[in-house]
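Dumped target00.cif below, it's mmCIF, C-alpha atoms:
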data_input
#
loop_
_atom_site.label_atom_id
_atom_site.label_comp_id
_atom_site.auth_asym_id
_atom_site.auth_seq_id
_atom_site.Cartn_x
_atom_site.Cartn_y
_atom_site.Cartn_z
CA MET G 1 -16.88 -41.21 -81.33
CA GLU G 2 -19.20 -39.03 -79.33
CA GLN G 3 -19.64 -39.57 -75.63
CA ILE G 4 -23.11 -39.27 -74.17
CA THR G 5 -23.57 -38.14 -70.57
CA ASP G 6 -26.61 -37.69 -68.41
CA ASN G 7 -25.16 -34.60 -66.71
CA PRO G 8 -26.48 -31.35 -68.06
CA THR G 9 -23.89 -28.67 -68.78
CA ILE G 10 -23.97 -25.50 -66.72
CA ASP G 11 -23.33 -22.17 -68.30
CA MET G 12 -21.10 -20.28 -65.82
CA ASN G 13 -21.87 -16.97 -67.46
CA GLU G 14 -25.57 -17.25 -66.77
CA GLN G 15 -26.68 -15.07 -63.85
CA GLU G 16 -29.40 -15.99 -61.49
CA THR G 17 -31.89 -13.23 -60.96
CA ARG G 18 -34.40 -13.01 -58.16
CA SER G 19 -36.76 -10.29 -57.25
CA LYS G 20 -36.28 -8.23 -54.11
CA GLU G 21 -39.49 -9.69 -52.73
CA ALA G 22 -38.21 -13.24 -53.26
CA VAL G 23 -34.96 -12.47 -51.39
CA SER G 24 -36.89 -10.89 -48.50
CA ALA G 25 -39.21 -13.85 -48.36
CA LEU G 26 -36.24 -16.25 -48.29
CA ILE G 27 -34.58 -14.34 -45.43
CA SER G 28 -37.84 -14.19 -43.47
CA GLU G 29 -38.31 -17.88 -44.02
CA MET G 30 -34.83 -18.64 -42.70
CA ASP G 31 -35.09 -16.99 -39.29
CA GLY G 32 -38.54 -15.52 -39.07
CA GLU G 33 -37.37 -11.91 -38.81
CA ASP G 34 -35.61 -9.30 -40.84
CA PHE G 35 -31.82 -9.12 -40.75
CA ASP G 36 -30.71 -6.07 -38.77
CA THR G 37 -27.11 -5.01 -39.44
CA ASN G 38 -27.20 -2.52 -36.54
CA GLU G 39 -27.81 -5.38 -34.13
CA VAL G 40 -24.79 -7.29 -35.49
CA VAL G 41 -22.58 -4.20 -35.22
CA GLN G 42 -23.74 -3.58 -31.63
CA ASP G 43 -23.11 -7.23 -30.71
CA ASN G 44 -19.59 -7.04 -32.18
CA ALA G 45 -18.89 -3.76 -30.37
CA GLN G 46 -20.12 -5.25 -27.08
CA LYS G 47 -17.94 -8.34 -27.57
CA ARG G 48 -14.88 -6.19 -28.35
CA LYS G 49 -15.61 -4.10 -25.25
CA GLU G 50 -15.87 -7.23 -23.08
CA ASP G 51 -12.66 -8.65 -24.59
CA ALA G 52 -10.83 -5.36 -23.92
CA LYS G 53 -12.04 -5.37 -20.30
CA LYS G 54 -10.86 -8.98 -19.84
CA ALA G 55 -7.45 -8.06 -21.26
CA ALA G 56 -7.19 -4.97 -19.02
CA ASP G 57 -8.19 -7.05 -15.98
CA ALA G 58 -5.53 -9.64 -16.85
CA VAL G 59 -2.87 -6.93 -17.07
CA ALA G 60 -4.03 -5.41 -13.76
CA LEU G 61 -3.95 -8.85 -12.12
CA ASN G 62 -0.40 -9.46 -13.33
CA LEU G 63 0.69 -6.09 -11.93
CA ALA G 64 -1.02 -6.89 -8.64
CA LYS G 65 0.79 -10.25 -8.56
CA GLU G 66 4.12 -8.46 -9.04
CA ASN G 67 3.32 -6.14 -6.12
CA ALA G 68 2.16 -9.08 -4.00
CA ALA G 69 5.39 -10.95 -4.79
CA LYS G 70 7.39 -7.94 -3.57
CA GLY G 71 5.39 -7.97 -0.34
CA VAL G 72 5.99 -11.70 0.12
CA ALA G 73 9.72 -11.16 -0.49
CA ALA G 74 9.79 -8.43 2.17
CA PHE G 75 7.95 -10.73 4.58
CA ASP G 76 10.41 -13.55 3.84
CA PHE G 77 13.30 -11.13 4.42
CA GLY G 78 11.90 -10.23 7.84
CA LEU G 79 11.53 -13.88 8.78
CA LYS G 80 15.11 -14.63 7.76
CA LEU G 81 16.37 -11.71 9.84
CA ALA G 82 14.62 -13.18 12.88
CA ASP G 83 16.04 -16.67 12.26
CA GLU G 84 17.77 -18.00 9.16
CA ARG G 85 15.84 -21.27 9.44
CA LEU G 86 12.58 -19.43 8.88
CA GLY G 87 11.32 -18.39 5.48
CA VAL G 88 8.57 -18.59 2.91
CA ASP G 89 8.99 -21.51 0.51
CA ASP G 90 7.84 -21.47 -3.13
CA MET G 91 4.48 -23.13 -2.40
CA GLN G 92 3.68 -20.75 0.45
CA GLY G 93 4.87 -17.73 -1.52
CA GLY G 94 2.78 -18.74 -4.53
CA LEU G 95 -0.29 -19.18 -2.33
CA LEU G 96 0.22 -15.75 -0.75
CA VAL G 97 0.73 -14.07 -4.13
CA GLU G 98 -2.30 -15.74 -5.73
CA THR G 99 -4.60 -14.83 -2.85
CA ALA G 100 -3.25 -11.32 -2.23
CA ALA G 101 -3.33 -10.15 -5.87
CA PRO G 102 -7.15 -10.02 -6.24
CA VAL G 103 -7.41 -8.12 -2.94
CA LEU G 104 -4.78 -5.64 -4.13
CA MET G 105 -6.79 -5.21 -7.35
CA LYS G 106 -10.06 -4.80 -5.47
CA TYR G 107 -8.75 -1.97 -3.33
CA ALA G 108 -6.50 -0.54 -6.05
CA VAL G 109 -3.44 -0.85 -3.83
CA GLU G 110 -0.33 0.49 -5.50
CA PRO G 111 3.06 1.29 -4.08
CA PRO G 112 3.51 4.95 -3.17
CA GLN G 113 5.21 7.24 -5.68
CA TRP G 114 8.45 7.41 -3.70
CA PHE G 115 8.69 3.60 -3.87
CA LYS G 116 8.02 3.64 -7.60
CA ASP G 117 10.83 6.17 -7.98
CA TRP G 118 13.33 4.59 -5.59
CA GLY G 119 12.13 1.00 -5.24
CA ALA G 120 14.97 -0.64 -7.16
CA GLU G 121 17.60 1.24 -5.18
CA MET G 122 15.88 0.37 -1.91
CA GLN G 123 15.68 -3.30 -2.90
CA LEU G 124 19.39 -3.30 -3.74
CA ALA G 125 20.24 -1.71 -0.38
CA GLY G 126 17.98 -4.22 1.35
CA ALA G 127 19.66 -7.11 -0.46
CA PHE G 128 23.11 -5.89 0.58
CA CYS G 129 21.95 -5.48 4.18
CA PHE G 130 20.42 -8.96 4.15
CA VAL G 131 23.59 -10.59 2.79
CA ALA G 132 25.79 -8.65 5.22
CA PHE G 133 23.57 -9.58 8.17
CA MET G 134 23.51 -13.27 7.18
CA GLN G 135 27.30 -13.26 6.83
CA TYR G 136 27.59 -11.61 10.26
CA LYS G 137 25.34 -14.29 11.79
CA THR G 138 27.44 -16.99 10.09
CA LEU G 139 30.62 -15.40 11.45
CA ILE G 140 29.18 -15.41 14.98
CA GLU G 141 28.24 -19.09 14.64
CA LEU G 142 31.71 -19.96 13.29
CA ARG G 143 33.34 -18.15 16.21
CA LYS G 144 31.14 -20.10 18.62
CA ILE G 145 32.18 -23.34 16.95
CA ASP G 146 35.86 -22.31 17.10
CA ALA G 147 35.51 -21.37 20.78
CA ALA G 148 33.83 -24.69 21.57
CA ARG G 149 36.63 -26.59 19.76
CA ALA G 150 39.31 -24.63 21.63
CA LYS G 151 37.55 -25.28 24.94
CA GLU G 152 37.34 -28.99 24.15
CA ALA G 153 41.01 -29.06 23.14
CA LEU G 154 42.00 -27.40 26.43
CA LYS G 155 40.07 -30.06 28.32
CA ARG G 156 42.03 -32.73 26.45
CA GLY G 157 45.29 -30.92 27.03
CA ASP G 158 45.97 -29.74 23.49
CA LYS G 159 47.18 -26.18 23.21
CA ASP G 160 46.36 -25.48 19.55
CA GLY G 161 43.11 -27.44 19.32
CA THR G 162 44.64 -30.29 17.27
CA HIS G 163 45.43 -33.84 18.42
#

Entire entry expressed as structure tokens:
Amino acid sequence: MEQITDNPTIDMNEQETRSKEAVSALISEMDGEDFDTNEVVQDNAQKRKEDAKKAADAVALNLAKENAAKGVAAFDFGLKLADERLGVDDMQGGLLVETAAPVLMKYAVEPPQWFKDWGAEMQLAGAFCFVAFMQYKTLIELRKIDAARAKEALKRGDKDGTH
């Protein structure tokens, strides 16, 4: 039994041929002007150049944020030396870093070479000094508390500060 269909068969080996003039006419019809490969290449090169600049700016901004964060940490350290109740919290520090970084980028502010070479060692020394100073302040406060307890105990008549 033979099946009859209305669909014509397509020969896949058959090649379509068009004249050069027909192809040019089709392209002109599509956008009204000739296709210029140089223009496409220039557009792609410009886009790559812009993308590279954006990436470089992002890297520079991140470096500026790192430097700004170090400055905020030094500022916080100074505040804590003045009074342990003072300090820069996370929200304040984040605000300072975010607003300082673009300014650092604008003026190309970088740490001096000696800080680049010795910065980690200086930060370690600063951290030790900070901890030692805070412990010293705590010791002074504890001694004041002990002195006040002893004074109170003497008023009550206790010799060793206990009941």

Report task. Would you mind listing what lies within 12 Å of Ala74 of chain G as a list in words, with only C-alpha atoms counted and same-chain residues fewer than 4 positions away left out? Result ->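 Result of the neighbour search: Asn67, Ala68, Ala69, Lys70, Gly78, Leu79, Lys80, Leu81, Gly87, Val88, Gly93, Met122, Gln123, Gly126, Ala127 and Phe130 of chain G.
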
Starting from the PyMOL selection byres ((chain G and resi 51-63) around 10), expand the selection into actual residues of this file and give them as a PDB file with C-alpha atoms, keeping the file's coordinate frame.
ATOM      1  CA  ALA G  45     -18.890  -3.760 -30.370  1.00  0.00           C
ATOM      2  CA  GLN G  46     -20.120  -5.250 -27.080  1.00  0.00           C
ATOM      3  CA  LYS G  47     -17.940  -8.340 -27.570  1.00  0.00           C
ATOM      4  CA  ARG G  48     -14.880  -6.190 -28.350  1.00  0.00           C
ATOM      5  CA  LYS G  49     -15.610  -4.100 -25.250  1.00  0.00           C
ATOM      6  CA  GLU G  50     -15.870  -7.230 -23.080  1.00  0.00           C
ATOM      7  CA  ALA G  64      -1.020  -6.890  -8.640  1.00  0.00           C
ATOM      8  CA  LYS G  65       0.790 -10.250  -8.560  1.00  0.00           C
ATOM      9  CA  GLU G  66       4.120  -8.460  -9.040  1.00  0.00           C
ATOM     10  CA  ASN G  67       3.320  -6.140  -6.120  1.00  0.00           C
ATOM     11  CA  ALA G  68       2.160  -9.080  -4.000  1.00  0.00           C
ATOM     12  CA  ALA G  69       5.390 -10.950  -4.790  1.00  0.00           C
ATOM     13  CA  GLU G  98      -2.300 -15.740  -5.730  1.00  0.00           C
ATOM     14  CA  ALA G 101      -3.330 -10.150  -5.870  1.00  0.00           C
ATOM     15  CA  PRO G 102      -7.150 -10.020  -6.240  1.00  0.00           C
ATOM     16  CA  VAL G 103      -7.410  -8.120  -2.940  1.00  0.00           C
ATOM     17  CA  LEU G 104      -4.780  -5.640  -4.130  1.00  0.00           C
ATOM     18  CA  MET G 105      -6.790  -5.210  -7.350  1.00  0.00           C
ATOM     19  CA  LYS G 106     -10.060  -4.800  -5.470  1.00  0.00           C
ATOM     20  CA  ALA G 108      -6.500  -0.540  -6.050  1.00  0.00           C
ATOM     21  CA  GLU G 110      -0.330   0.490  -5.500  1.00  0.00           C
TER      22      GLU G 110
END

Query raised in the report: Please, what distance in Å, to one decimal, runs between atom CA of Ala82 of chain G and atom CA of Asp117 of chain G?
Result: 28.7 Å

Requested in this report: Just give me the gap between atom CA of Glu21 of chain G and atom CA of Gln42 of chain G in Å, one decimal is fine.
Outcome: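 Between these atoms lies a distance of 27.0 Å.
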
Query raised in the report: Quick one, how far is atom CA of Pro111 of chain G from atom CA of Asp89 of chain G?
Result: 24.0 Å

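With all atoms listed in the file as the atoms that count, the residue of G:Met91, G:Val109, G:Leu96, G:Val131 with the shortest distance to Phe77 of chain G is G:Val131.
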